[in-house]
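Chemist: I'd like to ask some things about the structure below.
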2 protein chains.
Amino acid sequence: MTATPLRKDAERNRERLVRAAQEVFAESGLDVALEAVAKRAGVSIGTLYNRFPSRADLVHAAFADSVETVGRLAEHALGLDDPWDGFVYFVEQVSQLQAGDRGYNDLAGRGVPAATPTEDHLRGYDLMSQIVARARDGGRLRPDFTLEDMAFITWSITKTIEATAATSPTVWRRHLALILDGLQTPAAHPLPEPPLSREQLAAIYRDC
Amino acid sequence: MTATPLRKDAERNRERLVRAAQEVFAESGLDVALEAVAKRAGVSIGTLYNRFPSRADLVHAAFADSVETVGRLAEHALGLDDPWDGFVYFVEQVSQLQAGDRGYNDLAGRGVPAATPTEDHLRGYDLMSQIVARARDGGRLRPDFTLEDMAFITWSITKTIEATAATSPTVWRRHLALILDGLQTPAAHPLPEPPLSREQLAAIYRDC
DNA sequence: AGTTAACTTGAGGCCACCGTCAACTTTGTT
DNA sequence: AACAAAGTTGACGGTGGCCTCAAGTTAACT
């Protein structure tokens with residue numbers, strides 16, 4: 001399973017590339033020219049392609065940390081006493097992550113270009129399920145809200161951050177507050193459409 | 001003010017181009033290659049640039065109808081007895097417009113590339129002001145909701161439509177229902193951030 | 001110190017879109 | 001019918017990003 005270990009210089013270049021990618025993606029989003037990443041890493045474009053044959057591979061490596069961070073946030077959320085507070089905490093923290101990293105914001109809005117879901121992703125999925133279920137059972141999150149509906153929140157915040165980051169880097173908090181007010185049981189009116197199925201959502205994130 | 005009238009053949013080509021642009025933008029969004037529009041119009045790329053020196057000019061011409069439609073929707077909304085119903089009607093109808101036209105959806109999310117606001121736009125702005133103010137005064141729309149907050153709704157729906165159009169072309173209605181539940185007075189909790197100012201919002205839409 | 005396999009390099013071919021312009025065609029006017 | 005002005009055409013040069021690969025360099029093992 002594990003491939004041959006990299007030569008020392010190759011390993012060093014790999015690390016440089018990942019760090020450069022993190023910086024450049026954070027500043028300019030997921031669609032930057034890969035030349036920019038290579039340049040920042042002080043390495044030729046050929047080396048980049050050597051190490052990361054596709055853009056998705058690089059994205060994947062660059063955001064491993066973020067994925068792990070989200071996992072920790074989710075665990076912390078589940079550790080909070082109040083289920084609703086946990087839910088709000090999680091959504092707020094992830095949004096803040098998006099607000100601070102244009103690349104991660106893109107990622108949240110589109111999914112990884114061609115990802116085979118990793119173990120970490122599946123764990124994240126599972127934890128989110130729990131956060132939603134617990135908040136719903138606690139009674140404050142409306143009973144008709146599903147895990148798949150979380151995508152609506154993500155997309156909303158993604159787009160608002162995209163639009164307002166330059167002008168007003170904190171208004172997304174106002175938007176989020178408006179959203180959260182619609183998710184509480186006392187606010188709920190019957191919904192006109194069924195939620196996305198798990199498969200539909202997977203398909204959406206699969207097709208970039 | 002009015003420029004020299006176009007020659008007969010030029011006028012005919014202009015119309016073909018506008019219709020072609022409407023179709024192509026609707027199918028493929030605002031970023032299609034302009035060659036595609038010229039081809040659909042049965043006209044050379046040179047002619048397109050002749051008539052519409054910048055992409056923004058073409059977009060502008062292609063969506064004049066839609067802008068007018070929105071105006072009529074707004075007036076109809078104001079004609080409804082219940083202020084809240086009027087507000088909901090307007091938001092739903094505009095969303096439906098977005099759902100049916102990828103180009104208009106893009107436009108709603110970004111604004112016209114480099115638009116000098118036209119008379120129609122200003123009128124639309126004014127009517128929307130009234131719709132919001134009336135719904136707020138009617139008591140059902142939360143009192144802290146401003147005209148500028150409408151952008152949050154637009155951005156949310158824009159992104160959801162973008163993501164789900166291929167998979168589930170009507171789920172946006174579910175998302176919208178969740179949003180609307182957060183906008184009603186009984187649901188309101190204090191908001192953590194002030195709204196965007198009119199100038200900030202203008203700046204956002206100006207910079208494409 | 002020598003050998004080889006691993007790694008790096010960057011120029012160069014490819015592609016897709018942009019926007020221009022000199023040569024040609026059409027309109028409509030006298 | 002002849003002419004000037006208006007309009008059309010599409011090949012062309014420019015830009016920018018993608019990805020490759022033959023030639024050169026370096027690590028690591030004997």
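Naming scheme: A, B, ... for chains in displayed order of the structure tokens; residues 1 onward per chain; ligands 1 onward as shown.
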Where in stretch 52-165 of chain A does DSSP assign helix (DSSP H, G or I), given as a compact mmCIF listing (two decimals) with C-alpha atoms, in the first residue's frame?
Modeler:
# COMPACT_ATOMS: atom_id res chain seq x y z
CA ARG A 55 -4.78 19.83 -9.44
CA ALA A 56 -7.09 17.79 -7.25
CA ASP A 57 -4.10 16.00 -5.73
CA LEU A 58 -2.56 19.29 -4.72
CA VAL A 59 -5.81 20.65 -3.35
CA HIS A 60 -6.23 17.49 -1.40
CA ALA A 61 -2.79 17.78 0.16
CA ALA A 62 -3.14 21.48 0.85
CA ALA A 64 -5.68 18.00 4.78
CA ASP A 65 -5.12 20.27 7.78
CA SER A 66 -8.40 22.07 7.31
CA VAL A 67 -10.30 18.84 7.04
CA GLU A 68 -8.77 17.73 10.27
CA THR A 69 -9.58 21.05 11.90
CA VAL A 70 -13.22 20.64 10.95
CA GLY A 71 -13.15 17.24 12.55
CA ARG A 72 -11.89 18.73 15.79
CA LEU A 73 -14.49 21.49 15.67
CA ALA A 74 -17.19 18.90 15.23
CA GLU A 75 -15.96 16.95 18.22
CA HIS A 76 -15.83 20.05 20.34
CA ALA A 77 -19.37 20.92 19.23
CA LEU A 78 -20.58 17.52 20.37
CA GLY A 79 -18.87 18.10 23.69
CA PRO A 83 -27.22 20.59 21.56
CA TRP A 84 -28.35 23.78 19.86
CA ASP A 85 -25.28 25.64 21.08
CA GLY A 86 -23.19 22.85 19.65
CA PHE A 87 -24.90 23.16 16.30
CA VAL A 88 -24.46 26.92 16.23
CA TYR A 89 -20.86 26.65 17.36
CA PHE A 90 -20.03 24.25 14.57
CA VAL A 91 -21.67 26.27 11.83
CA GLU A 92 -20.07 29.49 13.04
CA GLN A 93 -16.60 28.06 13.29
CA VAL A 94 -16.71 26.48 9.87
CA SER A 95 -17.98 29.74 8.42
CA GLN A 96 -15.11 31.55 10.04
CA LEU A 97 -12.71 29.12 8.47
CA GLN A 98 -14.29 29.89 5.10
CA ALA A 99 -14.09 33.61 5.72
CA ARG A 102 -10.59 31.86 -0.07
CA GLY A 103 -9.47 28.41 -1.08
CA TYR A 104 -11.38 26.72 1.68
CA ASN A 105 -14.38 28.83 0.83
CA ASP A 106 -14.24 27.57 -2.76
CA LEU A 107 -13.83 24.07 -1.50
CA ALA A 108 -16.89 24.32 0.70
CA GLY A 109 -18.90 25.63 -2.22
CA ARG A 110 -17.90 23.05 -4.80
CA GLU A 119 -11.52 8.28 5.85
CA ASP A 120 -11.37 11.80 7.31
CA HIS A 121 -14.22 12.93 5.14
CA LEU A 122 -16.39 10.05 6.16
CA ARG A 123 -15.66 10.72 9.79
CA GLY A 124 -16.60 14.39 9.27
CA TYR A 125 -19.80 13.31 7.62
CA ASP A 126 -20.63 11.10 10.53
CA LEU A 127 -19.90 13.75 13.13
CA MET A 128 -22.07 16.28 11.31
CA SER A 129 -24.88 13.77 11.26
CA GLN A 130 -24.59 13.55 14.99
CA ILE A 131 -24.52 17.30 15.47
CA VAL A 132 -27.69 17.71 13.45
CA ALA A 133 -29.48 14.77 15.00
CA ARG A 134 -28.62 15.84 18.51
CA ALA A 135 -29.81 19.41 17.92
CA ARG A 136 -33.03 18.14 16.40
CA ASP A 137 -33.66 15.73 19.26
CA LEU A 147 -28.17 16.68 7.29
CA GLU A 148 -28.45 17.40 3.58
CA ASP A 149 -29.98 20.77 4.37
CA MET A 150 -26.64 21.78 5.83
CA ALA A 151 -25.52 22.27 2.25
CA PHE A 152 -27.91 25.20 1.96
CA ILE A 153 -26.18 26.92 4.84
CA THR A 154 -22.78 26.26 3.37
CA TRP A 155 -23.72 27.52 -0.06
CA SER A 156 -25.35 30.62 1.35
CA ILE A 157 -22.39 31.58 3.45
CA THR A 158 -19.91 30.66 0.75
CA LYS A 159 -21.49 33.01 -1.72
CA THR A 160 -21.94 35.84 0.77
CA ILE A 161 -18.32 35.61 1.83
CA GLU A 162 -17.23 35.57 -1.79
CA ALA A 163 -19.19 38.70 -2.50
CA THR A 164 -18.40 40.67 0.64
Chemist: Show me, as a ChimeraX atom specification, the residues of chain B whose atoms get within 8 Å of chain A, using only C-alpha atoms for the distance check.
Modeler: /B:110,149,152,155-157,159-160,163-164,167-168,170-171,173-175,177-184,186-189,191-196,200,203-204
Chemist: Using only C-alpha atoms (C1' of nucleotides), which chain C residues lie at most 10 Å away from chain A, written as an MDAnalysis selection string?
Modeler: chainID C and resid 6:10
Chemist: May I have the selected residues written with N, CA and C atoms (P, O5', C5', C4', C3', O3' and C1' of nucleotides), as a compact mmCIF listing (two decimals), in the first residue's frame?
Modeler:
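And here's selection26.txt as it stands now:
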# COMPACT_ATOMS: atom_id res chain seq x y z
P DA C 6 14.11 4.35 -9.28
O5' DA C 6 14.14 5.83 -8.68
C5' DA C 6 14.74 6.05 -7.41
C4' DA C 6 14.87 7.53 -7.18
C3' DA C 6 13.58 8.30 -7.47
O3' DA C 6 13.32 9.11 -6.35
C1' DA C 6 15.40 9.29 -8.64
P DC C 7 12.02 10.00 -6.25
O5' DC C 7 12.52 11.38 -6.88
C5' DC C 7 13.62 12.05 -6.27
C4' DC C 7 14.02 13.24 -7.11
C3' DC C 7 12.87 14.16 -7.53
O3' DC C 7 13.02 15.38 -6.81
C1' DC C 7 14.48 13.86 -9.27
P DT C 8 12.14 16.65 -7.23
O5' DT C 8 13.06 17.33 -8.34
C5' DT C 8 14.27 17.98 -7.95
C4' DT C 8 14.76 18.83 -9.10
C3' DT C 8 13.79 19.94 -9.52
O3' DT C 8 14.52 21.16 -9.51
C1' DT C 8 14.45 18.63 -11.40
P DT C 9 13.76 22.53 -9.70
O5' DT C 9 14.00 22.78 -11.24
C5' DT C 9 15.33 22.63 -11.76
C4' DT C 9 15.32 22.79 -13.26
C3' DT C 9 14.35 23.86 -13.79
O3' DT C 9 15.10 24.91 -14.36
C1' DT C 9 14.23 21.81 -15.04
P DG C 10 14.57 26.39 -14.29
O5' DG C 10 14.02 26.55 -15.78
C5' DG C 10 14.91 26.35 -16.87
C4' DG C 10 14.10 26.12 -18.12
C3' DG C 10 12.97 27.14 -18.34
O3' DG C 10 12.84 27.38 -19.73
C1' DG C 10 12.05 25.02 -18.32
Chemist: With only C-alpha atoms (C1' of nucleotides) considered, list every residue of chain D at most 8 Å from chain B, as a list in words.
Modeler: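 That gives the following set of residues: DA6, DG7, DT8, DT9 and DG10 of chain D.
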Chemist: What would the file look like if the residues just selected were written as a JSON list (two decimals), in the first residue's frame with C-alpha atoms (C1' of nucleotides)?
Modeler:
[["chain", "number", "residue", "atom", "x", "y", "z"],
["D", 6, "DA", "C1'", -22.16, 51.65, -43.64],
["D", 7, "DG", "C1'", -21.64, 47.10, -42.57],
["D", 8, "DT", "C1'", -19.58, 42.28, -42.74],
["D", 9, "DT", "C1'", -16.09, 38.91, -42.74],
["D", 10, "DG", "C1'", -12.67, 35.67, -40.84]]
Chemist: Report as a list of chain:residue names all protein, DNA and RNA residues lying within 12 Å of D:DC3, evaluated on only C-alpha atoms (C1' of nucleotides), omitting residues in the same chain fewer than 3 positions from it.
Modeler: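 My reading of the contact set: C:DT27, C:DG28, C:DT29, C:DT30.
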Chemist: Would you save the residues from that selection as a CSV table (one decimal), in the first residue's frame, using N, CA and C atoms (P, O5', C5', C4', C3', O3' and C1' of nucleotides)?
Modeler:
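Produced file out.csv, reproduced below:
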chain,number,residue,atom,x,y,z
C,27,DT,P,-28.5,44.5,-48.8
C,27,DT,O5',-28.5,46.0,-48.5
C,27,DT,C5',-28.3,46.5,-47.2
C,27,DT,C4',-28.2,48.0,-47.2
C,27,DT,C3',-29.5,48.7,-47.7
C,27,DT,O3',-29.9,49.6,-46.7
C,27,DT,C1',-27.5,49.6,-48.7
C,28,DG,P,-31.3,50.2,-46.7
C,28,DG,O5',-31.1,51.6,-47.5
C,28,DG,C5',-30.1,52.5,-46.9
C,28,DG,C4',-29.9,53.6,-47.9
C,28,DG,C3',-31.2,54.1,-48.6
C,28,DG,O3',-31.0,55.5,-49.0
C,28,DG,C1',-29.6,53.5,-50.2
C,29,DT,P,-31.8,56.6,-48.2
C,29,DT,O5',-31.0,57.9,-48.7
C,29,DT,C5',-29.6,57.8,-48.7
C,29,DT,C4',-29.0,58.4,-49.9
C,29,DT,C3',-29.9,59.4,-50.7
C,29,DT,O3',-29.2,60.5,-51.0
C,29,DT,C1',-29.0,57.8,-52.2
C,30,DT,P,-30.0,61.9,-51.4
C,30,DT,O5',-29.3,62.2,-52.8
C,30,DT,C5',-27.8,62.1,-53.0
C,30,DT,C4',-27.5,62.2,-54.4
C,30,DT,C3',-28.3,63.1,-55.3
C,30,DT,O3',-27.5,63.9,-56.2
C,30,DT,C1',-28.3,60.9,-56.2
Chemist: Could you please determine the separation between atom CA of B:Gly42 and atom CA of B:Val18 in Å, to one decimal place?
Modeler: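 It comes out at 11.9 Å.
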Chemist: Pick out the residues sitting within 9 Å of stretch 12-18 of chain D, and hand them over as a PyMOL selection string; count only C-alpha atoms (C1' of nucleotides), and ignore anything fewer than 6 positions along from it in its own chain.
Modeler: (chain A and resi 33-35) or (chain C and resi 14-15+18+20)
Chemist: Print the selection's residues with N, CA and C atoms (P, O5', C5', C4', C3', O3' and C1' of nucleotides) to a file, as a tab-separated table (two decimals), in the first residue's frame.
Modeler:
chain	number	residue	atom	x	y	z
A	33	ALA	N	-3.48	29.91	-11.23
A	33	ALA	CA	-2.56	29.20	-12.11
A	33	ALA	C	-1.59	28.42	-11.24
A	34	LEU	N	-1.34	27.19	-11.60
A	34	LEU	CA	-0.44	26.38	-10.79
A	34	LEU	C	0.99	26.92	-10.84
A	35	GLU	N	1.31	27.65	-11.88
A	35	GLU	CA	2.60	28.34	-11.96
A	35	GLU	C	2.83	29.18	-10.71
C	14	DC	P	1.62	20.97	-31.27
C	14	DC	O5'	0.55	21.21	-30.11
C	14	DC	C5'	0.31	20.21	-29.11
C	14	DC	C4'	-0.84	20.68	-28.24
C	14	DC	C3'	-1.97	21.32	-29.06
C	14	DC	O3'	-3.20	20.69	-28.74
C	14	DC	C1'	-1.31	22.75	-27.28
C	15	DC	P	-4.45	20.89	-29.72
C	15	DC	O5'	-5.46	21.64	-28.77
C	15	DC	C5'	-5.49	21.39	-27.36
C	15	DC	C4'	-6.10	22.59	-26.66
C	15	DC	C3'	-7.19	23.28	-27.51
C	15	DC	O3'	-8.36	23.37	-26.73
C	15	DC	C1'	-5.63	24.87	-26.66
C	18	DC	P	-14.17	35.07	-25.10
C	18	DC	O5'	-13.05	36.18	-25.35
C	18	DC	C5'	-12.14	36.53	-24.33
C	18	DC	C4'	-11.10	37.43	-24.93
C	18	DC	C3'	-11.69	38.61	-25.69
C	18	DC	O3'	-11.36	39.80	-25.00
C	18	DC	C1'	-9.96	37.51	-26.96
C	20	DT	P	-10.39	45.65	-29.96
C	20	DT	O5'	-9.60	45.30	-31.30
C	20	DT	C5'	-8.25	44.84	-31.19
C	20	DT	C4'	-7.60	44.80	-32.56
C	20	DT	C3'	-8.04	45.89	-33.54
C	20	DT	O3'	-6.90	46.22	-34.34
C	20	DT	C1'	-8.58	43.79	-34.45
